[in-house]
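What follows is model-v2.cif (mmCIF, C-alpha atoms and all ligand atoms).
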data_run
#
loop_
_atom_site.label_atom_id
_atom_site.label_comp_id
_atom_site.auth_asym_id
_atom_site.auth_seq_id
_atom_site.Cartn_x
_atom_site.Cartn_y
_atom_site.Cartn_z
CA MET K 1 66.85 64.35 59.32
CA LYS K 2 67.19 68.07 60.02
CA LEU K 3 68.86 70.15 57.33
CA HIS K 4 71.63 71.41 59.58
CA THR K 5 72.47 67.85 60.57
CA LYS K 6 72.70 66.98 56.89
CA ILE K 7 74.97 69.96 56.22
CA LEU K 8 77.22 68.93 59.09
CA LEU K 9 77.30 65.37 57.74
CA GLY K 10 78.12 66.78 54.30
CA LEU K 11 81.01 68.69 55.81
CA LEU K 12 82.29 65.62 57.65
CA ALA K 13 81.91 63.35 54.62
CA GLY K 14 83.68 65.82 52.34
CA ALA K 15 86.44 66.38 54.88
CA VAL K 16 87.03 62.71 55.71
CA VAL K 17 87.08 61.55 52.09
CA GLY K 18 89.11 64.58 51.04
CA VAL K 19 91.76 64.21 53.74
CA ALA K 20 91.91 60.45 53.18
CA THR K 21 92.57 60.90 49.46
CA ASN K 22 95.07 63.61 50.21
CA LEU K 23 96.98 61.31 52.57
CA THR K 24 96.76 58.16 50.46
CA VAL K 25 96.80 58.87 46.73
CA GLY K 26 97.91 62.49 46.87
CA VAL K 27 96.66 65.55 45.03
CA ASP K 28 97.95 64.84 41.57
CA HIS K 29 96.31 61.47 41.07
CA PRO K 30 94.24 61.56 37.84
CA ALA K 31 91.17 60.13 39.60
CA VAL K 32 91.18 62.93 42.17
CA GLU K 33 91.60 65.48 39.41
CA PHE K 34 88.73 63.91 37.54
CA ILE K 35 86.37 63.94 40.52
CA ASN K 36 87.27 67.52 41.28
CA THR K 37 86.84 68.73 37.71
CA TYR K 38 83.67 66.89 36.81
CA LEU K 39 81.83 66.55 40.09
CA ALA K 40 83.03 68.38 43.16
CA VAL K 41 83.86 71.77 41.68
CA PRO K 42 80.71 72.08 39.48
CA VAL K 43 78.29 71.00 42.23
CA GLY K 44 79.98 73.30 44.71
CA GLN K 45 79.82 76.17 42.24
CA VAL K 46 76.13 75.71 41.47
CA PHE K 47 75.36 75.82 45.15
CA LEU K 48 77.43 78.97 45.67
CA ARG K 49 75.96 80.72 42.67
CA MET K 50 72.47 80.06 43.96
CA LEU K 51 73.43 82.07 47.04
CA PHE K 52 75.28 84.82 45.18
CA MET K 53 72.38 85.26 42.84
CA VAL K 54 70.10 86.57 45.58
CA VAL K 55 72.51 88.64 47.65
CA MET K 56 71.84 92.00 46.02
CA PRO K 57 68.01 91.85 45.92
CA LEU K 58 68.01 90.56 49.48
CA VAL K 59 70.26 93.30 50.80
CA PHE K 60 68.25 95.96 49.01
CA ALA K 61 64.87 94.64 50.19
CA SER K 62 65.88 94.06 53.78
CA ILE K 63 67.61 97.41 54.26
CA THR K 64 64.75 99.32 52.62
CA LEU K 65 62.08 97.51 54.60
CA GLY K 66 64.06 97.98 57.81
CA VAL K 67 64.10 101.76 57.37
CA ALA K 68 60.54 101.96 56.04
CA GLY K 69 59.39 99.91 59.04
CA LEU K 70 60.50 102.68 61.39
CA GLY K 71 57.64 104.81 60.15
CA ASP K 72 57.86 108.51 59.40
CA ILE K 73 61.54 109.36 59.76
CA ARG K 74 60.61 112.79 61.15
CA LYS K 75 58.42 111.21 63.81
CA VAL K 76 60.60 108.35 65.04
CA GLY K 77 61.03 110.55 68.05
CA ARG K 78 63.02 110.39 71.23
CA ILE K 79 62.42 106.75 72.15
CA GLY K 80 63.09 105.61 68.60
CA GLY K 81 66.27 107.64 68.40
CA LYS K 82 67.53 106.37 71.73
CA THR K 83 66.71 102.78 70.82
CA LEU K 84 68.60 103.01 67.52
CA GLY K 85 71.49 104.71 69.31
CA TYR K 86 71.70 101.90 71.85
CA PHE K 87 71.57 99.25 69.11
CA PHE K 88 74.26 101.02 67.17
CA VAL K 89 76.65 101.57 70.07
CA THR K 90 76.41 98.01 71.43
CA THR K 91 76.77 96.52 67.94
CA ALA K 92 79.85 98.63 67.30
CA LEU K 93 81.33 97.54 70.67
CA ALA K 94 80.62 93.93 69.72
CA ALA K 95 82.25 94.22 66.30
CA THR K 96 85.30 95.88 67.84
CA LEU K 97 85.61 93.09 70.40
CA GLY K 98 85.31 90.46 67.65
CA LEU K 99 88.03 92.09 65.56
CA THR K 100 90.30 92.40 68.58
CA VAL K 101 89.85 88.77 69.57
CA VAL K 102 90.46 87.42 66.06
CA ASN K 103 93.59 89.53 65.68
CA VAL K 104 94.92 88.30 69.02
CA VAL K 105 94.10 84.61 68.48
CA LYS K 106 94.99 84.60 64.76
CA PRO K 107 93.21 81.30 63.98
CA TRP K 108 94.52 81.44 60.41
CA GLU K 109 98.02 80.74 61.69
CA ARG K 110 97.01 77.10 62.02
CA VAL K 111 97.44 77.03 58.25
CA SER K 112 101.03 76.64 57.08
CA PRO K 113 102.45 79.38 54.84
CA GLU K 114 102.85 76.84 51.99
CA THR K 115 99.16 76.00 52.07
CA ARG K 116 98.28 79.65 52.09
CA THR K 117 100.45 80.32 49.06
CA GLN K 118 98.85 77.34 47.32
CA LEU K 119 95.37 78.54 48.21
CA MET K 120 96.16 81.94 46.79
CA GLU K 121 97.37 80.41 43.55
CA GLN K 122 94.42 78.07 43.34
CA PHE K 123 91.99 80.91 43.59
CA SER K 124 93.98 83.36 41.54
CA THR K 125 91.06 83.63 39.13
CA ASP K 126 89.62 85.89 41.74
CA ALA K 127 92.52 88.25 41.35
CA GLU K 128 90.35 90.57 39.32
CA GLY K 129 87.86 90.86 42.16
CA ARG K 130 90.71 91.45 44.55
CA VAL K 131 92.10 94.31 42.52
CA GLN K 132 88.69 95.90 42.33
CA ALA K 133 88.17 95.45 46.05
CA ALA K 134 91.53 97.01 46.75
CA ALA K 135 90.63 99.92 44.55
CA THR K 136 87.38 100.64 46.34
CA THR K 137 88.42 99.99 49.92
CA ALA K 138 92.15 100.51 50.26
CA ARG K 139 92.67 104.23 50.47
CA PHE K 140 91.17 106.60 52.93
CA GLY K 141 90.18 110.06 51.78
CA PRO K 142 87.23 112.09 50.58
CA ASP K 143 86.61 109.41 47.94
CA THR K 144 85.93 106.88 50.66
CA PHE K 145 82.72 108.72 51.39
CA VAL K 146 81.93 109.81 47.86
CA ASN K 147 82.22 106.21 46.64
CA ILE K 148 79.53 105.07 49.05
CA VAL K 149 77.01 106.93 46.91
CA PRO K 150 76.51 104.90 43.74
CA ARG K 151 76.40 106.64 40.42
CA ASN K 152 73.97 104.01 39.23
CA PRO K 153 72.32 101.49 41.55
CA VAL K 154 72.00 98.84 38.85
CA ASP K 155 75.68 99.10 38.10
CA ALA K 156 76.43 98.95 41.84
CA ALA K 157 74.39 95.74 42.13
CA ALA K 158 76.15 94.26 39.10
CA ARG K 159 79.52 94.92 40.72
CA THR K 160 78.30 93.55 44.09
CA ASP K 161 79.04 96.94 45.58
CA MET K 162 77.44 96.32 48.96
CA LEU K 163 77.95 99.80 50.37
CA GLY K 164 76.39 101.33 47.27
CA ILE K 165 73.33 99.12 47.50
CA ILE K 166 73.02 99.71 51.23
CA PHE K 167 73.14 103.44 50.67
CA PHE K 168 70.54 103.25 47.93
CA GLY K 169 68.35 101.07 50.18
CA LEU K 170 68.63 103.54 53.07
CA MET K 171 67.58 106.43 50.84
CA PHE K 172 64.79 104.42 49.28
CA GLY K 173 63.44 103.38 52.68
CA ALA K 174 63.67 106.89 54.10
CA ALA K 175 61.90 108.32 51.08
CA LEU K 176 59.15 105.72 51.37
CA THR K 177 58.33 106.95 54.86
CA LEU K 178 57.92 110.51 53.61
CA ILE K 179 55.49 109.98 50.73
CA PRO K 180 51.77 109.46 51.45
CA ALA K 181 51.14 106.06 53.04
CA ALA K 182 48.67 105.05 50.36
CA ARG K 183 51.34 105.54 47.71
CA ALA K 184 54.07 103.84 49.72
CA LYS K 185 52.01 100.76 50.52
CA PRO K 186 52.17 99.04 47.09
CA MET K 187 55.93 99.52 46.99
CA ILE K 188 56.32 98.07 50.47
CA ASP K 189 54.12 95.13 49.51
CA VAL K 190 56.29 94.47 46.47
CA LEU K 191 59.46 94.64 48.54
CA GLU K 192 58.02 92.34 51.19
CA ALA K 193 57.10 89.86 48.49
CA LEU K 194 60.57 90.25 46.95
CA SER K 195 62.19 89.49 50.26
CA ASP K 196 59.93 86.42 50.77
CA VAL K 197 60.75 85.16 47.29
CA VAL K 198 64.46 85.60 47.83
CA ILE K 199 64.30 83.78 51.15
CA GLN K 200 62.50 80.97 49.37
CA ILE K 201 65.27 80.78 46.78
CA ILE K 202 67.77 80.60 49.63
CA ASN K 203 65.76 77.66 50.93
CA PHE K 204 66.16 75.94 47.57
CA ALA K 205 69.88 76.58 47.73
CA MET K 206 70.03 75.27 51.26
CA ARG K 207 68.53 71.98 50.12
CA LEU K 208 71.56 71.67 47.93
CA ALA K 209 73.80 72.73 50.78
CA PRO K 210 74.69 69.28 52.19
CA TYR K 211 75.99 68.21 48.76
CA GLY K 212 77.45 71.60 47.90
CA VAL K 213 79.30 71.79 51.19
CA ALA K 214 80.52 68.18 50.87
CA CYS K 215 81.87 68.93 47.39
CA LEU K 216 83.49 72.24 48.29
CA ILE K 217 85.13 70.77 51.36
CA PHE K 218 86.27 67.73 49.39
CA THR K 219 87.95 69.96 46.84
CA VAL K 220 89.71 71.94 49.52
CA SER K 221 90.71 69.05 51.77
CA SER K 222 91.82 66.73 48.95
CA ARG K 223 94.13 69.51 47.90
CA PHE K 224 95.24 70.75 51.28
CA GLY K 225 94.77 67.89 53.74
CA PHE K 226 94.42 68.46 57.45
CA ASP K 227 95.97 71.84 57.53
CA LEU K 228 92.82 73.74 56.78
CA LEU K 229 90.59 71.76 59.11
CA TYR K 230 92.64 72.69 62.18
CA ALA K 231 92.18 76.28 61.23
CA VAL K 232 88.40 75.82 61.01
CA ALA K 233 88.30 74.37 64.53
CA ALA K 234 90.37 77.30 65.76
CA PHE K 235 87.97 79.66 64.00
CA VAL K 236 84.91 78.14 65.70
CA LEU K 237 86.55 78.44 69.11
CA THR K 238 87.53 82.04 68.39
CA VAL K 239 83.94 83.03 67.56
CA LEU K 240 82.57 81.25 70.62
CA ALA K 241 85.19 82.86 72.87
CA ALA K 242 84.37 86.33 71.54
CA LEU K 243 80.64 85.77 72.08
CA VAL K 244 81.21 84.64 75.65
CA LEU K 245 83.50 87.62 76.30
CA HIS K 246 80.86 89.99 74.97
CA LEU K 247 78.29 88.63 77.39
CA THR K 248 80.57 88.42 80.39
CA ILE K 249 82.41 91.72 79.90
CA THR K 250 80.52 94.22 77.75
CA ILE K 251 76.95 93.22 78.48
CA SER K 252 77.64 92.47 82.13
CA ALA K 253 79.28 95.88 82.53
CA ILE K 254 76.27 97.57 80.93
CA VAL K 255 73.93 95.64 83.21
CA ARG K 256 75.95 96.48 86.30
CA PHE K 257 76.95 100.10 85.66
CA VAL K 258 74.32 101.44 83.32
CA LEU K 259 71.26 99.57 84.48
CA GLY K 260 72.36 99.18 88.11
CA LEU K 261 71.47 95.51 88.21
CA SER K 262 73.51 92.51 89.25
CA PRO K 263 74.52 90.55 86.12
CA VAL K 264 73.83 87.31 87.99
CA VAL K 265 70.26 88.40 88.67
CA PHE K 266 69.83 89.63 85.10
CA PHE K 267 71.06 86.44 83.46
CA SER K 268 69.01 84.23 85.76
CA ARG K 269 65.90 86.26 84.87
CA VAL K 270 66.43 85.91 81.12
CA LYS K 271 67.54 82.28 81.13
CA ALA K 272 64.42 81.05 79.32
CA VAL K 273 64.91 83.60 76.54
CA MET K 274 68.54 82.59 76.10
CA ILE K 275 67.63 78.92 75.92
CA THR K 276 64.89 79.60 73.36
CA ALA K 277 67.27 81.62 71.21
CA PHE K 278 69.94 78.95 71.47
CA SER K 279 67.58 76.20 70.40
CA THR K 280 65.77 78.09 67.60
CA SER K 281 68.69 80.12 66.16
CA SER K 282 66.13 82.79 65.39
CA SER K 283 65.61 86.17 67.01
CA ASN K 284 62.15 86.38 65.43
CA ALA K 285 61.09 83.01 66.79
CA THR K 286 62.31 84.05 70.24
CA LEU K 287 60.30 87.29 70.23
CA PRO K 288 57.21 85.98 72.09
CA THR K 289 59.42 84.54 74.84
CA SER K 290 61.41 87.74 75.19
CA LEU K 291 58.29 89.95 75.29
CA ASN K 292 56.95 87.77 78.05
CA ALA K 293 60.22 87.79 80.01
CA ALA K 294 60.59 91.57 79.69
CA GLU K 295 57.26 92.02 81.43
CA THR K 296 57.13 89.18 83.93
CA GLN K 297 60.80 88.73 84.77
CA LEU K 298 62.28 92.20 84.31
CA GLY K 299 59.32 94.45 85.08
CA VAL K 300 59.46 96.47 81.85
CA SER K 301 56.10 97.85 80.78
CA ARG K 302 54.45 96.32 77.75
CA HIS K 303 54.38 99.46 75.66
CA ILE K 304 58.14 99.89 75.90
CA ALA K 305 59.03 96.21 75.42
CA GLY K 306 56.51 96.03 72.58
CA PHE K 307 58.36 98.79 70.76
CA VAL K 308 61.98 97.96 71.53
CA LEU K 309 62.00 94.16 71.26
CA PRO K 310 60.48 93.71 67.77
CA LEU K 311 62.88 96.37 66.46
CA GLY K 312 65.74 94.66 68.28
CA ALA K 313 64.87 91.27 66.83
CA THR K 314 65.57 92.55 63.34
CA MET K 315 68.02 95.37 63.89
CA CYS K 316 70.12 94.70 66.98
CA MET K 317 72.43 91.77 66.42
CA ASN K 318 75.56 92.03 68.52
CA GLY K 319 76.41 88.36 68.20
CA THR K 320 75.99 88.49 64.44
CA SER K 321 78.35 91.44 64.08
CA ILE K 322 81.00 89.61 66.14
CA PHE K 323 80.60 86.55 63.95
CA GLU K 324 80.74 88.51 60.70
CA GLY K 325 83.80 90.51 61.64
CA ILE K 326 85.74 87.44 62.73
CA THR K 327 84.69 85.41 59.70
CA VAL K 328 85.69 88.06 57.18
CA ILE K 329 89.11 88.59 58.74
CA PHE K 330 89.70 84.85 59.12
CA LEU K 331 88.76 83.96 55.55
CA ALA K 332 90.60 86.96 54.12
CA GLN K 333 93.77 85.86 55.87
CA ILE K 334 93.35 82.23 54.82
CA PHE K 335 92.90 83.23 51.20
CA GLY K 336 95.80 85.62 51.24
CA VAL K 337 93.88 88.89 51.13
CA ASP K 338 95.92 91.19 53.35
CA LEU K 339 93.79 93.83 55.01
CA SER K 340 95.21 97.14 56.16
CA ILE K 341 94.10 98.74 59.42
CA PHE K 342 91.84 101.01 57.42
CA GLN K 343 90.24 98.03 55.66
CA MET K 344 89.72 96.38 59.05
CA GLY K 345 87.82 99.52 59.95
CA ILE K 346 85.62 99.03 56.90
CA VAL K 347 85.08 95.39 57.87
CA MET K 348 83.88 96.68 61.23
CA VAL K 349 81.48 99.16 59.67
CA MET K 350 80.17 96.48 57.32
CA ALA K 351 79.74 94.04 60.21
CA VAL K 352 77.65 96.64 62.05
CA VAL K 353 75.55 97.66 59.05
CA THR K 354 74.87 94.15 57.79
CA ALA K 355 74.07 92.93 61.30
CA ILE K 356 71.37 95.59 61.27
CA GLY K 357 70.21 94.46 57.82
CA ALA K 358 70.19 90.71 58.53
CA ALA K 359 66.88 88.94 59.10
CA GLY K 360 66.27 87.34 62.49
CA VAL K 361 65.97 83.85 61.09
CA PRO K 362 68.40 80.91 61.18
CA GLY K 363 71.37 81.77 58.99
CA GLY K 364 69.86 85.19 58.27
CA SER K 365 73.25 86.83 58.11
CA ILE K 366 74.88 84.36 55.71
CA PRO K 367 73.86 86.01 52.40
CA LEU K 368 75.04 89.38 53.69
CA LEU K 369 78.28 87.82 54.80
CA VAL K 370 78.78 86.48 51.29
CA GLY K 371 78.37 90.04 50.06
CA ILE K 372 81.07 91.36 52.38
CA LEU K 373 83.48 88.59 51.39
CA VAL K 374 83.08 89.43 47.72
CA MET K 375 83.57 93.10 48.52
CA PHE K 376 87.01 92.33 49.96
CA GLY K 377 87.97 90.04 47.12
CA VAL K 378 87.75 86.82 49.15
CA PRO K 379 86.75 83.91 46.87
CA GLY K 380 83.18 82.72 47.30
CA GLU K 381 84.30 79.14 47.93
CA ALA K 382 85.39 80.38 51.31
CA ILE K 383 81.82 80.50 52.60
CA ALA K 384 81.60 76.69 52.44
CA ILE K 385 84.14 76.46 55.22
CA VAL K 386 81.85 78.48 57.44
CA LEU K 387 78.54 76.94 56.38
CA GLY K 388 79.56 73.49 57.52
CA VAL K 389 80.02 74.66 61.08
CA ASP K 390 77.50 77.46 61.09
CA ARG K 391 74.75 75.82 63.12
CA ILE K 392 76.53 75.99 66.45
CA LEU K 393 77.74 79.50 65.70
CA ASP K 394 74.23 80.57 64.71
CA MET K 395 72.74 79.19 67.94
CA SER K 396 75.34 80.99 70.00
CA ARG K 397 75.24 84.35 68.21
CA THR K 398 71.43 84.42 68.30
CA THR K 399 71.60 83.98 72.08
CA VAL K 400 73.83 87.04 72.32
CA ASN K 401 71.53 88.95 69.93
CA VAL K 402 68.38 88.54 72.02
CA THR K 403 70.12 89.06 75.35
CA THR K 404 71.29 92.46 74.16
CA ASP K 405 67.75 93.34 73.05
CA LEU K 406 66.57 92.77 76.61
CA THR K 407 69.21 95.11 78.03
CA ALA K 408 68.06 97.70 75.48
CA THR K 409 64.48 97.43 76.72
CA ILE K 410 65.51 97.96 80.32
CA TRP K 411 67.69 100.90 79.39
CA ILE K 412 64.89 102.63 77.51
CA ALA K 413 62.45 101.99 80.34
CA LYS K 414 64.97 103.29 82.86
CA THR K 415 65.89 106.45 80.97
CA GLU K 416 62.21 107.16 80.33
CA GLY K 417 61.66 107.06 84.08
CA HIS K 418 59.51 103.90 84.02
CA TRP K 419 61.96 101.50 85.59
CA THR K 420 64.35 101.19 88.52
CA PRO K 421 66.09 98.05 89.80
CA ARG K 422 63.23 97.93 92.32
CA SER K 423 60.76 97.37 89.46
CA LEU K 424 62.06 93.83 89.17
CA PRO K 425 59.16 91.47 89.97
CA GLN K 426 59.63 89.17 92.95
CA ALA K 427 61.43 85.99 91.90
N1 LIG J 1 70.11 83.69 63.41
C1 LIG J 1 70.42 85.05 63.75
C2 LIG J 1 69.25 85.67 64.49
O1 LIG J 1 68.12 85.31 64.27
C3 LIG J 1 70.75 85.86 62.55
C4 LIG J 1 72.07 85.43 61.98
O2 LIG J 1 73.11 85.91 62.46
O3 LIG J 1 72.11 84.60 61.07
O4 LIG J 1 69.44 86.55 65.30
#

Just give me the structure as structure tokens.
Amino acid sequence: MKLHTKILLGLLAGAVVGVATNLTVGVDHPAVEFINTYLAVPVGQVFLRMLFMVVMPLVFASITLGVAGLGDIRKVGRIGGKTLGYFFVTTALAATLGLTVVNVVKPWERVSPETRTQLMEQFSTDAEGRVQAAATTARFGPDTFVNIVPRNPVDAAARTDMLGIIFFGLMFGAALTLIPAARAKPMIDVLEALSDVVIQIINFAMRLAPYGVACLIFTVSSRFGFDLLYAVAAFVLTVLAALVLHLTITISAIVRFVLGLSPVVFFSRVKAVMITAFSTSSSNATLPTSLNAAETQLGVSRHIAGFVLPLGATMCMNGTSIFEGITVIFLAQIFGVDLSIFQMGIVMVMAVVTAIGAAGVPGGSIPLLVGILVMFGVPGEAIAIVLGVDRILDMSRTTVNVTTDLTATIWIAKTEGHWTPRSLPQA
């Protein structure tokens, strides 16, 4: 059986048994208490800690390698600059759309105020984290920027200060491109190995995931019944709606007005790429298909597609930033962490930056998402709610990710004078 099927089954099993106990014997029954204390909570915690344990090394390695991979920062040049600019602007548009949609739909309102109060009390042990998060992200002023620069990167990692580690990673990566290649190479090799090792540890954790998710969901649903599950369904629909809106409004508008192409023609040309992304949930795995489509279906020359698409597969993730923004706001609301407008802005920035840092593999953004949740003082247990339903969201956001990469390729080719709508090969 595939792992994601097992995780989904874990979610269903935990939810069904949890809701059933909630409705029949109630929360306070000693047997339910016993199962929660001695089985469900510990197993769930071990699973979560396995993920938490690798967040900081993963974020550091992936951000550093991402920047180092660009090559000499001074020589990235016009095409590189334009490509990064396009990635950045579309990702920011996507994150903004996601935040708007989630604030309009408010999927957390499916949870009654009593449950929310209870949830807050239940997880009050995280109050400390919440206070710290409030201290670092609540006020806007010169300190907002100063605090991004960590005094001590080890201390920043120990406090799960994501922005601090990201900043350190950016500097580290940039510096690596400026020292002689022979000196940089061993460091890059070490970081690549570090990132492989961390991904392997995540694989270990994911083997535990079906049981971890079952236990975490059992704990939550035995305590809160149906209430929370409605909210999860509403959350899934919200993410899917935002992804569809991004494709049909933002991307279609770019295709029509910036590229001068009919969206219908564009989408029919890239169908195969979208289907591959949807079925693999991996931008990296879709890369060969998108390189091929860029050339044979869209008429973009190989040297441009060969530069833009591999970069896009790891750095340009519009769908991922939509997903991350919505998830953080949703879980924060559910767990009673009230975010100010300014904090929403930070969520948006984090969604953009971590979407750039996430690896183009199935679930590549999950560890980074965990980091953002912690940063805002949302209890780690919250991630279980998302993991159980993540497969369908991952398939859908990856489709949006690779589709945007293809528009980036066309735009670069067009602005470099190598492409016009007439370059499109005959269908
Ligand atoms: N699976 C996504 C991709 O490969 C990354 C993620 O959002 O988890 O593009």

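The spacing separating CA of Arg110 in chain K from CA of Leu228 in chain K amounts to 7.5 Å.
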
Can you tell me which residues come within 10 Å of ligand LIG 1 (chain J) when counting all atoms listed in the file, ideally as a CSV table (one decimal) with C-alpha atoms, keeping the file's coordinate frame?
chain,number,residue,atom,x,y,z
K,277,ALA,CA,67.3,81.6,71.2
K,278,PHE,CA,69.9,79.0,71.5
K,280,THR,CA,65.8,78.1,67.6
K,281,SER,CA,68.7,80.1,66.2
K,282,SER,CA,66.1,82.8,65.4
K,283,SER,CA,65.6,86.2,67.0
K,284,ASN,CA,62.2,86.4,65.4
K,285,ALA,CA,61.1,83.0,66.8
K,286,THR,CA,62.3,84.0,70.2
K,312,GLY,CA,65.7,94.7,68.3
K,313,ALA,CA,64.9,91.3,66.8
K,314,THR,CA,65.6,92.6,63.3
K,315,MET,CA,68.0,95.4,63.9
K,316,CYS,CA,70.1,94.7,67.0
K,317,MET,CA,72.4,91.8,66.4
K,318,ASN,CA,75.6,92.0,68.5
K,319,GLY,CA,76.4,88.4,68.2
K,320,THR,CA,76.0,88.5,64.4
K,321,SER,CA,78.4,91.4,64.1
K,322,ILE,CA,81.0,89.6,66.1
K,323,PHE,CA,80.6,86.6,64.0
K,324,GLU,CA,80.7,88.5,60.7
K,354,THR,CA,74.9,94.2,57.8
K,355,ALA,CA,74.1,92.9,61.3
K,356,ILE,CA,71.4,95.6,61.3
K,357,GLY,CA,70.2,94.5,57.8
K,358,ALA,CA,70.2,90.7,58.5
K,359,ALA,CA,66.9,88.9,59.1
K,360,GLY,CA,66.3,87.3,62.5
K,361,VAL,CA,66.0,83.8,61.1
K,362,PRO,CA,68.4,80.9,61.2
K,363,GLY,CA,71.4,81.8,59.0
K,364,GLY,CA,69.9,85.2,58.3
K,365,SER,CA,73.2,86.8,58.1
K,366,ILE,CA,74.9,84.4,55.7
K,367,PRO,CA,73.9,86.0,52.4
K,368,LEU,CA,75.0,89.4,53.7
K,369,LEU,CA,78.3,87.8,54.8
K,390,ASP,CA,77.5,77.5,61.1
K,391,ARG,CA,74.8,75.8,63.1
K,393,LEU,CA,77.7,79.5,65.7
K,394,ASP,CA,74.2,80.6,64.7
K,395,MET,CA,72.7,79.2,67.9
K,396,SER,CA,75.3,81.0,70.0
K,397,ARG,CA,75.2,84.4,68.2
K,398,THR,CA,71.4,84.4,68.3
K,399,THR,CA,71.6,84.0,72.1
K,400,VAL,CA,73.8,87.0,72.3
K,401,ASN,CA,71.5,89.0,69.9
K,402,VAL,CA,68.4,88.5,72.0

May I have a table of the residues of range 99-216 of chain K lying at most 7 Å from range 20-44 of chain K, giving each one's closest pair of atoms and their distance in Å to one decimal, counting all atoms listed in the file, ordered by chain and ascending residue number, as a Markdown table?
| residue | atom | partner | partner_atom | distance |
| --- | --- | --- | --- | --- |
| K:Gly212 | CA | K:Gly44 | CA | 4.4 |
| K:Val213 | CA | K:Gly44 | CA | 6.7 |
| K:Cys215 | CA | K:Ala40 | CA | 4.4 |
| K:Leu216 | CA | K:Gly44 | CA | 5.1 |

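Put simply, CA of Arg207 in chain K is 13.4 Å away from CA of Gly388 in chain K.
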
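Closest to His4 in chain K among K:Leu208, K:Ala242, K:Leu229, K:Val300 is K:Leu208, based on all atoms listed in the file.
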
Anything within 12 Å of (85.8, 93.1, 67.7): list those residues as a compact mmCIF listing (two decimals) with C-alpha atoms, in the frame of the given file, counting only C-alpha atoms and sticking to the file's coordinates.
# COMPACT_ATOMS: atom_id res chain seq x y z
CA THR K 90 76.41 98.01 71.43
CA THR K 91 76.77 96.52 67.94
CA ALA K 92 79.85 98.63 67.30
CA LEU K 93 81.33 97.54 70.67
CA ALA K 94 80.62 93.93 69.72
CA ALA K 95 82.25 94.22 66.30
CA THR K 96 85.30 95.88 67.84
CA LEU K 97 85.61 93.09 70.40
CA GLY K 98 85.31 90.46 67.65
CA LEU K 99 88.03 92.09 65.56
CA THR K 100 90.30 92.40 68.58
CA VAL K 101 89.85 88.77 69.57
CA VAL K 102 90.46 87.42 66.06
CA ASN K 103 93.59 89.53 65.68
CA VAL K 104 94.92 88.30 69.02
CA VAL K 105 94.10 84.61 68.48
CA THR K 238 87.53 82.04 68.39
CA VAL K 239 83.94 83.03 67.56
CA ALA K 241 85.19 82.86 72.87
CA ALA K 242 84.37 86.33 71.54
CA LEU K 243 80.64 85.77 72.08
CA LEU K 245 83.50 87.62 76.30
CA HIS K 246 80.86 89.99 74.97
CA THR K 250 80.52 94.22 77.75
CA ASN K 318 75.56 92.03 68.52
CA GLY K 319 76.41 88.36 68.20
CA THR K 320 75.99 88.49 64.44
CA SER K 321 78.35 91.44 64.08
CA ILE K 322 81.00 89.61 66.14
CA PHE K 323 80.60 86.55 63.95
CA GLU K 324 80.74 88.51 60.70
CA GLY K 325 83.80 90.51 61.64
CA ILE K 326 85.74 87.44 62.73
CA THR K 327 84.69 85.41 59.70
CA VAL K 328 85.69 88.06 57.18
CA ILE K 329 89.11 88.59 58.74
CA MET K 344 89.72 96.38 59.05
CA GLY K 345 87.82 99.52 59.95
CA VAL K 347 85.08 95.39 57.87
CA MET K 348 83.88 96.68 61.23
CA VAL K 349 81.48 99.16 59.67
CA ALA K 351 79.74 94.04 60.21
CA VAL K 352 77.65 96.64 62.05

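Separating CA of Leu287 in chain K from CA of Val59 in chain K is a distance of 22.6 Å.
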
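With only C-alpha atoms as the atoms that count, the residue of K:Ile304, K:Ala61, K:Val255, K:Val19 with the shortest distance to Ile217 in chain K is K:Val19.
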
**Request:** Could you check which of K:Phe307, K:Phe224, K:Phe60, K:Tyr211 is closest to Ile412 in chain K, using only C-alpha atoms?
**Result:**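 Of K:Phe307, K:Phe224, K:Phe60, K:Tyr211, the one nearest Ile412 in chain K is K:Phe307, counting only C-alpha atoms.
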
**Asked** Between K:Ile188, K:Leu48, K:Ala181, K:Val308, which one has atoms that come closest to Val67 in chain K, using only C-alpha atoms?
**Response**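 Answer, going by the shortest atom-to-atom distance: K:Ile188.
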
**Asked** Quick one: of K:Pro113, K:Gly66, K:Pro186, K:Pro210, who's nearest to Lys2 in chain K, counting all atoms listed in the file?
**Response**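 Nearest to Lys2 in chain K: K:Pro210.
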
**Prompt:** Which residues, written as a list of chain:residue names, have at least one atom at most 10 Å from Tyr230 in chain K, with all atoms listed in the file counted and residues fewer than 2 positions away on the same chain left out?
**Reply:**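 Once the nearby chain positions are removed, what remains is K:Pro107, K:Trp108, K:Glu109, K:Arg110, K:Val111, K:Gly225, K:Phe226, K:Asp227, K:Leu228, K:Val232, K:Ala233, K:Ala234, K:Phe235.
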
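Distance annotation: of K:Lys82, K:Thr403, K:Met171, K:Gly260, the residue with the minimal separation from Val273 in chain K is K:Thr403; atom set is all atoms listed in the file.
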